[in-house]
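Asks: Take a look at this one; I'll ask things after.
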Protein chains: 2
Amino acid sequence: MDHVFRALADTTRRDIFQRVIGGGLSVSTLADDYEMSFAAVQKHVSVLERAALVTKERHGREQIVHGNLSTLRRAAALLDAFEEIWIGRATKIAEILGEKGSAT
Amino acid sequence: MDHVFRALADTTRRDIFQRVIGGGLSVSTLADDYEMSFAAVQKHVSVLERAALVTKERHGREQIVHGNLSTLRRAAALLDAFEEIWIGRATKIAEILGEKGSAT
DNA sequence: ATATTGTACAACCATATGGTTGTACATAAA
DNA sequence: TTTATGTACAACCATATGGTTGTACAATAT
């Protein structure tokens with residue numbers, strides 16, 4: 001999870017991820033749209049890959065980058081779990097304050 | 001957003017966040033449960049604070065750390081937006097494949 | 001056969017991160 | 001008043017990050 005959130009903690013990488021989750025794109029196609037060097041984009045893709053947010057599939061001389069939805073969902077689930085804790089607390093507070101009008 | 005995801009990209013910080021979203025805790029109370037120094041925990045809290053994931057409220061000589069749900073929700077919404085893009089793509093693929101049995 | 005394209009990888013640099021220890025100071029307890 | 005507690009902050013260190021340039025090589029065009 002450290003790797004996943006770290007990978008998402010960069011605007012360029014979130015942009016790359018957003019683009020490839022909409023459909024696979026080659027590394028050079030991705031790189032064309034950023035001001036930085038090709039190698040820099042390559043590194044960003046590698047960070048996303050290490051986090052399992054994307055996978056690469058070789059096709060001839062091109063390397064196609066695909067988004068990995070399952071890892072995204074694991075991250076989203078974690079954030080939801082945090083919110084659940086909050087809801088749990090809110091429920092407890094409601095219980096403590098006394099459930100006026102409640103059927104419990 | 002960079003700050004938010006970066007703040008979440010550390011196990012200790014996610015643990016701190018989880019604890020304080022369940023109810024405010026002082027920095028020293030938090031620090032007691034980790035092997036690292038008090039100053040290190042202080043820094044972690046500061047990273048969470050910079051990301052607006054937590055706020056600090058002084059109470060006597062103690063500093064109470066509270067979780068900030070709205071920032072959490074903004075992050076969760078971003079991840080959901082990525083999934084929406086995927087769903088959009090899946091819908092398009094379904095359209096391309098031809099909607100057998102569909103009423104459209 | 002030669003040139004171009006797409007990728008990989010290493011070396012290098014500046015800055016950020018995650019940890020430490022030490023000092024200082026205000027608040028609370030003895 | 002003296003002592004203990006809770007926090008703040010600076011200085012320092014090792015390692016990671018985000019960028020660069022340069023080199024190498026396989027696949028595709030010309």
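In the structure tokens, the first chain shown is A, the next is B, and so on; residue numbers restart at 1 for each chain, and ligands run from 1 in the order shown.
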Could you list, as a PDB file with N, CA and C atoms (P, O5', C5', C4', C3', O3' and C1' of nucleotides), in the first residue's frame, every residue within 9 Å of region 13-20 of chain C, counting only C-alpha atoms (C1' of nucleotides) and ignoring same-chain residues fewer than 2 positions away?
Replies:
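Okay, this is what ended up in out31.pdb:
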ATOM      1  N   MET B  36       9.511   4.372  17.502  1.00  0.00           N
ATOM      2  CA  MET B  36      10.357   5.513  17.135  1.00  0.00           C
ATOM      3  C   MET B  36      10.263   6.635  18.165  1.00  0.00           C
ATOM      4  N   SER B  37      11.119   7.632  18.012  1.00  0.00           N
ATOM      5  CA  SER B  37      11.167   8.753  18.950  1.00  0.00           C
ATOM      6  C   SER B  37       9.902   9.611  18.867  1.00  0.00           C
ATOM      7  N   ALA B  39       9.866  12.791  18.531  1.00  0.00           N
ATOM      8  CA  ALA B  39      10.057  13.764  17.448  1.00  0.00           C
ATOM      9  C   ALA B  39       9.650  13.174  16.097  1.00  0.00           C
ATOM     10  N   ALA B  40       9.945  11.884  15.892  1.00  0.00           N
ATOM     11  CA  ALA B  40       9.587  11.237  14.629  1.00  0.00           C
ATOM     12  C   ALA B  40       8.068  11.208  14.461  1.00  0.00           C
ATOM     13  N   LYS B  43       6.762  14.509  13.568  1.00  0.00           N
ATOM     14  CA  LYS B  43       6.953  14.793  12.148  1.00  0.00           C
ATOM     15  C   LYS B  43       5.866  14.131  11.311  1.00  0.00           C
ATOM     16  N   HIS B  44       5.524  12.903  11.659  1.00  0.00           N
ATOM     17  CA  HIS B  44       4.473  12.208  10.916  1.00  0.00           C
ATOM     18  C   HIS B  44       3.153  12.968  11.036  1.00  0.00           C
TER      19      HIS B  44
ATOM     20  P    DC D  12      24.858  20.899  11.921  1.00  0.00           P
ATOM     21  O5'  DC D  12      24.707  19.345  11.630  1.00  0.00           O
ATOM     22  C5'  DC D  12      24.879  18.417  12.693  1.00  0.00           C
ATOM     23  C4'  DC D  12      24.270  17.100  12.306  1.00  0.00           C
ATOM     24  C3'  DC D  12      24.693  16.561  10.938  1.00  0.00           C
ATOM     25  O3'  DC D  12      25.597  15.485  11.109  1.00  0.00           O
ATOM     26  C1'  DC D  12      22.391  16.161  11.430  1.00  0.00           C
ATOM     27  P    DC D  13      26.441  14.918   9.842  1.00  0.00           P
ATOM     28  O5'  DC D  13      25.631  13.592   9.492  1.00  0.00           O
ATOM     29  C5'  DC D  13      25.352  12.635  10.508  1.00  0.00           C
ATOM     30  C4'  DC D  13      24.459  11.559   9.936  1.00  0.00           C
ATOM     31  C3'  DC D  13      24.844  11.156   8.509  1.00  0.00           C
ATOM     32  O3'  DC D  13      25.096   9.763   8.434  1.00  0.00           O
ATOM     33  C1'  DC D  13      22.514  11.621   8.682  1.00  0.00           C
ATOM     34  P    DA D  14      25.764   9.147   7.095  1.00  0.00           P
ATOM     35  O5'  DA D  14      24.573   8.216   6.570  1.00  0.00           O
ATOM     36  C5'  DA D  14      23.858   7.393   7.504  1.00  0.00           C
ATOM     37  C4'  DA D  14      22.669   6.782   6.801  1.00  0.00           C
ATOM     38  C3'  DA D  14      22.972   6.258   5.399  1.00  0.00           C
ATOM     39  O3'  DA D  14      22.273   5.032   5.217  1.00  0.00           O
ATOM     40  C1'  DA D  14      21.320   7.963   5.265  1.00  0.00           C
ATOM     41  P    DT D  15      22.441   4.203   3.834  1.00  0.00           P
ATOM     42  O5'  DT D  15      21.077   4.497   3.068  1.00  0.00           O
ATOM     43  C5'  DT D  15      19.850   4.363   3.789  1.00  0.00           C
ATOM     44  C4'  DT D  15      18.725   4.999   2.998  1.00  0.00           C
ATOM     45  C3'  DT D  15      18.659   4.580   1.525  1.00  0.00           C
ATOM     46  O3'  DT D  15      17.331   4.122   1.295  1.00  0.00           O
ATOM     47  C1'  DT D  15      18.474   6.919   1.733  1.00  0.00           C
ATOM     48  P    DA D  16      16.874   3.470  -0.127  1.00  0.00           P
ATOM     49  O5'  DA D  16      15.809   4.546  -0.631  1.00  0.00           O
ATOM     50  C5'  DA D  16      14.784   4.964   0.282  1.00  0.00           C
ATOM     51  C4'  DA D  16      13.952   6.041  -0.365  1.00  0.00           C
ATOM     52  C3'  DA D  16      13.538   5.760  -1.809  1.00  0.00           C
ATOM     53  O3'  DA D  16      12.193   6.186  -1.955  1.00  0.00           O
ATOM     54  C1'  DA D  16      14.737   7.798  -1.705  1.00  0.00           C
ATOM     55  P    DT D  17      11.414   5.961  -3.375  1.00  0.00           P
ATOM     56  O5'  DT D  17      11.388   7.446  -3.984  1.00  0.00           O
ATOM     57  C5'  DT D  17      11.111   8.539  -3.134  1.00  0.00           C
ATOM     58  C4'  DT D  17      11.126   9.826  -3.937  1.00  0.00           C
ATOM     59  C3'  DT D  17      10.653   9.678  -5.380  1.00  0.00           C
ATOM     60  O3'  DT D  17       9.761  10.745  -5.643  1.00  0.00           O
ATOM     61  C1'  DT D  17      12.780  10.707  -5.316  1.00  0.00           C
ATOM     62  P    DG D  18       8.823  10.793  -6.923  1.00  0.00           P
ATOM     63  O5'  DG D  18       9.568  11.838  -7.860  1.00  0.00           O
ATOM     64  C5'  DG D  18       9.687  13.195  -7.451  1.00  0.00           C
ATOM     65  C4'  DG D  18      10.484  13.936  -8.487  1.00  0.00           C
ATOM     66  C3'  DG D  18      10.111  13.581  -9.935  1.00  0.00           C
ATOM     67  O3'  DG D  18      10.040  14.771 -10.706  1.00  0.00           O
ATOM     68  C1'  DG D  18      12.412  13.238  -9.590  1.00  0.00           C
ATOM     69  P    DG D  19       9.495  14.705 -12.234  1.00  0.00           P
ATOM     70  O5'  DG D  19      10.838  14.794 -13.099  1.00  0.00           O
ATOM     71  C5'  DG D  19      11.353  16.036 -13.430  1.00  0.00           C
ATOM     72  C4'  DG D  19      12.863  16.044 -13.482  1.00  0.00           C
ATOM     73  C3'  DG D  19      13.513  15.549 -14.776  1.00  0.00           C
ATOM     74  O3'  DG D  19      13.352  16.480 -15.827  1.00  0.00           O
ATOM     75  C1'  DG D  19      14.816  15.005 -12.858  1.00  0.00           C
ATOM     76  P    DT D  20      13.634  16.055 -17.349  1.00  0.00           P
ATOM     77  O5'  DT D  20      15.241  16.060 -17.431  1.00  0.00           O
ATOM     78  C5'  DT D  20      15.968  17.236 -17.123  1.00  0.00           C
ATOM     79  C4'  DT D  20      17.451  16.926 -17.061  1.00  0.00           C
ATOM     80  C3'  DT D  20      18.021  16.299 -18.335  1.00  0.00           C
ATOM     81  O3'  DT D  20      18.493  17.332 -19.191  1.00  0.00           O
ATOM     82  C1'  DT D  20      18.786  15.116 -16.389  1.00  0.00           C
TER      83       DT D  20
END
Asks: So that I can see what lies close to region 7-19 of chain A, please list as a ChimeraX atom specification the residues with an atom at most 10 Å from it, counting only C-alpha atoms (C1' of nucleotides) and leaving out residues fewer than 4 positions away in the same chain.
Replies: /A:1-3,23-25,27,30-31,33-34,41,43-54,65-68,72 /B:1-9,78-79,81-83,85-86
Asks: If the cut-off is 10 Å, can you tell me the residues of chain B near chain D, counting only C-alpha atoms (C1' of nucleotides)? I'd like them as a list in words.
Replies: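 The complete set of qualifying residues is Ser26, Val27, Ser28, Thr29, Phe38, Ala39, Gln42, Gly60, Arg61, Glu62 and Gln63 of chain B.
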Asks: Produce a file of the selected residues containing N, CA, C and O atoms, as a PDB file, in the first residue's frame.
Replies:
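Below is the file that was written, out13.pdb:
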ATOM      1  N   SER B  26      -3.975  12.909  21.828  1.00  0.00           N
ATOM      2  CA  SER B  26      -2.824  13.806  21.959  1.00  0.00           C
ATOM      3  C   SER B  26      -1.611  13.213  21.245  1.00  0.00           C
ATOM      4  O   SER B  26      -1.533  12.001  21.039  1.00  0.00           O
ATOM      5  N   VAL B  27      -0.681  14.088  20.873  1.00  0.00           N
ATOM      6  CA  VAL B  27       0.519  13.637  20.173  1.00  0.00           C
ATOM      7  C   VAL B  27       1.302  12.626  21.019  1.00  0.00           C
ATOM      8  O   VAL B  27       1.761  11.602  20.512  1.00  0.00           O
ATOM      9  N   SER B  28       1.405  12.877  22.317  1.00  0.00           N
ATOM     10  CA  SER B  28       2.180  11.958  23.163  1.00  0.00           C
ATOM     11  C   SER B  28       1.472  10.614  23.333  1.00  0.00           C
ATOM     12  O   SER B  28       2.128   9.573  23.372  1.00  0.00           O
ATOM     13  N   THR B  29       0.149  10.635  23.406  1.00  0.00           N
ATOM     14  CA  THR B  29      -0.601   9.374  23.452  1.00  0.00           C
ATOM     15  C   THR B  29      -0.328   8.569  22.196  1.00  0.00           C
ATOM     16  O   THR B  29      -0.094   7.361  22.251  1.00  0.00           O
ATOM     17  N   PHE B  38       9.699  10.390  19.922  1.00  0.00           N
ATOM     18  CA  PHE B  38       8.569  11.315  19.945  1.00  0.00           C
ATOM     19  C   PHE B  38       8.654  12.297  18.778  1.00  0.00           C
ATOM     20  O   PHE B  38       7.659  12.566  18.099  1.00  0.00           O
ATOM     21  N   ALA B  39       9.866  12.791  18.531  1.00  0.00           N
ATOM     22  CA  ALA B  39      10.057  13.764  17.448  1.00  0.00           C
ATOM     23  C   ALA B  39       9.650  13.174  16.097  1.00  0.00           C
ATOM     24  O   ALA B  39       9.079  13.875  15.251  1.00  0.00           O
ATOM     25  N   GLN B  42       5.967  13.189  15.897  1.00  0.00           N
ATOM     26  CA  GLN B  42       5.608  14.591  15.694  1.00  0.00           C
ATOM     27  C   GLN B  42       5.705  14.965  14.218  1.00  0.00           C
ATOM     28  O   GLN B  42       4.836  15.625  13.658  1.00  0.00           O
ATOM     29  N   GLY B  60      -4.762  22.849  27.015  1.00  0.00           N
ATOM     30  CA  GLY B  60      -3.789  22.883  28.100  1.00  0.00           C
ATOM     31  C   GLY B  60      -2.404  22.707  27.514  1.00  0.00           C
ATOM     32  O   GLY B  60      -2.052  23.354  26.542  1.00  0.00           O
ATOM     33  N   ARG B  61      -1.647  21.776  28.054  1.00  0.00           N
ATOM     34  CA  ARG B  61      -0.311  21.558  27.490  1.00  0.00           C
ATOM     35  C   ARG B  61      -0.348  20.476  26.424  1.00  0.00           C
ATOM     36  O   ARG B  61       0.656  20.198  25.776  1.00  0.00           O
ATOM     37  N   GLU B  62      -1.503  19.874  26.237  1.00  0.00           N
ATOM     38  CA  GLU B  62      -1.609  18.826  25.228  1.00  0.00           C
ATOM     39  C   GLU B  62      -2.101  19.377  23.888  1.00  0.00           C
ATOM     40  O   GLU B  62      -2.810  20.387  23.846  1.00  0.00           O
ATOM     41  N   GLN B  63      -1.691  18.694  22.849  1.00  0.00           N
ATOM     42  CA  GLN B  63      -2.120  19.044  21.494  1.00  0.00           C
ATOM     43  C   GLN B  63      -2.951  17.850  21.000  1.00  0.00           C
ATOM     44  O   GLN B  63      -2.409  16.757  20.810  1.00  0.00           O
TER      45      GLN B  63
END
Asks: What does the distance from CA of Glu95 (chain B) to CA of Leu69 (chain A) come to in Å, to one decimal?
Replies: 20.3 Å
Asks: From chain B, collect each residue whose DSSP state is alpha helix (DSSP H) and return the set as a PyMOL selection string.
Replies: chain B and resi 2-8+11-21+27-32+38-50+69-97
Asks: Give me, please, the distance in Å between CA of Arg89 (chain B) and CA of Gly22 (chain A), quoted to one decimal.
Replies: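 CA of Gly22 (chain A) lies at a distance of 5.8 Å from CA of Arg89 (chain B).
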Asks: What does the distance between CA of Lys56 (chain B) and C1' of DA26 (chain C) come to in Å, to one decimal place?
Replies: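 Separation of CA of Lys56 (chain B) and C1' of DA26 (chain C): 17.3 Å.
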